[in-house]
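Down below is the structure, laid out as structure tokens.
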Amino acid sequence: MGEVTVRTLEGRRAATTPSPIEERADRAALQRSLTDRLRTPRRPRLWFEILLIAVSYWTYSLIRNAVPEQRAEAMRNADWIWRAEEALGIAVEKTVNHALNSVEWLIVGMNYYYATLHFIVTIAVLVWLYRWHPGRYAATRLVLFVATGVALLGYYLYPLAPPRLMPRGGFVDTVLVHETWGSMASGNLAAMSNQYAAMPSMHIGWSVWCGITIAMLARPLWAKVLGMVYPTFTLLVIVATANHFWLDAVGGLMCLSFGFALSFAWYGSMAYRLPRQVAVQPELRPV
């Protein structure tokens with residue numbers, strides 16, 4: 001009788017204990033569930049987003065300004081870009097810089113625009129996404145963060161002096177000439193920022209991100225138009241103030257394109273095509 005009972009218990013144990021193949025299948029299913037959950041947009045948490053943005057910007061500034069300034073190489077690169085543009089007949093930066101510098105009220109406004117809207121508009125768009133498009137927030141924010149991260153590689157691999165620092169370029173440093181506050185790359189604030197991190201231009205990268213986001217998601221026509229105008233005017237500003245060559249803008253667009261590509265690969269869709277609201281996710285339980 002005892003032997004029969006032991007055999008019965010062992011049989012029940014064998015029936016309930018998964019085989020190695022079943023265990024591997026269960027682990028694979030759990031891993032797929034975790035990956036799917038990470039790729040599924042979730043409602044952003046305010047405290048986490050504020051902390052993430054603050055830490056990310058602090059890290060970005062720290063790394064950007066810690067990159068070796070390499071003045072000689074930065075000047076050589078600036079001279080090469082300027083001569084290449086002249087050879088191709090597309091060197092328009094000096095003409096724009098001098099023409100707009102002659103209109104004092106306009107160039108002073110552009111100096112303040114360059115110093116402030118870069119941050120204000122980007123943060124405003126992030127807040128708008130968080131509040132009104134929570135299902136698209138994470139994917140769209142990923143584009144911005146990846147583009148900015150790639151830009152750091154550009155600052156390290158290709159130091160570039162802005163036009164206003166070229167000794168024989170003939171450009172006007174509009175912040176110095178008009179004694180306006182603002183640029184971290186001019187005046188008393190110059191020592192706090194890497195002077196030779198002009199390529200790529202994240203003024204363009206961030207403004208185009210803002211413009212596309214507004215144009216794709218905003219409903220009023222006037223807002224869509226403003227979204228398209230904003231990066232265009234930003235391009236005019238960075239050239240007029242002699243903070244960038246227009247080719248720096250191309251570098252910013254390349255960084256942004258990489259951000260969009262990575263976001264698409266991760267979420268399986270363009271950020272703007274994801275559902276506006278976040279679906280309630282069931283609690284994940286071990287298989």
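Order determines the names: the first chain of the structure tokens is A, the second B, and so forth; residues in each chain are numbered 1 upward, and ligands are numbered 1 upward as they are shown.
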
Close residues, Gly252 of chain A itself excluded, 7 Å, only C-alpha atoms, min 3 positions apart in chain, as number ranges by chain: A: 200-202, 204-205, 248-249, 255-256

May I have all residues of segment 54-213 of chain A that DSSP, computed from the backbone, assigns to alpha helix (DSSP H), given as number ranges by chain? A: 54-66, 71-88, 93-101, 104-132, 134-157, 174-178, 202-213

One number please: atom CA of Trp246 of chain A to atom CA of Gly259 of chain A, in Å, one decimal.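 Spanning atom CA of Trp246 of chain A to atom CA of Gly259 of chain A is a straight-line distance of 20.7 Å.
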
Residues near segment 84-100 of chain A, cut-off 12 Å, only C-alpha atoms, skip fewer than 5 positions along chain, as a PyMOL selection string: chain A and resi 77-79+105-111+162-164+166+168-174+177+235-248

Can you list, as a VMD selection string, every protein, DNA or RNA residue that comes within 9 Å of Ser257 of chain A when you count only C-alpha atoms, leaving out same-chain residues fewer than 5 positions away? chain A and resid 143 147 252 262

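You will find atom CA of Tyr114 of chain A at 24.3 Å from atom CA of Leu52 of chain A.
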
Measure the distance from atom CA of Arg276 of chain A to atom CA of Thr234 of chain A in Å and round it to one decimal. 28.5 Å
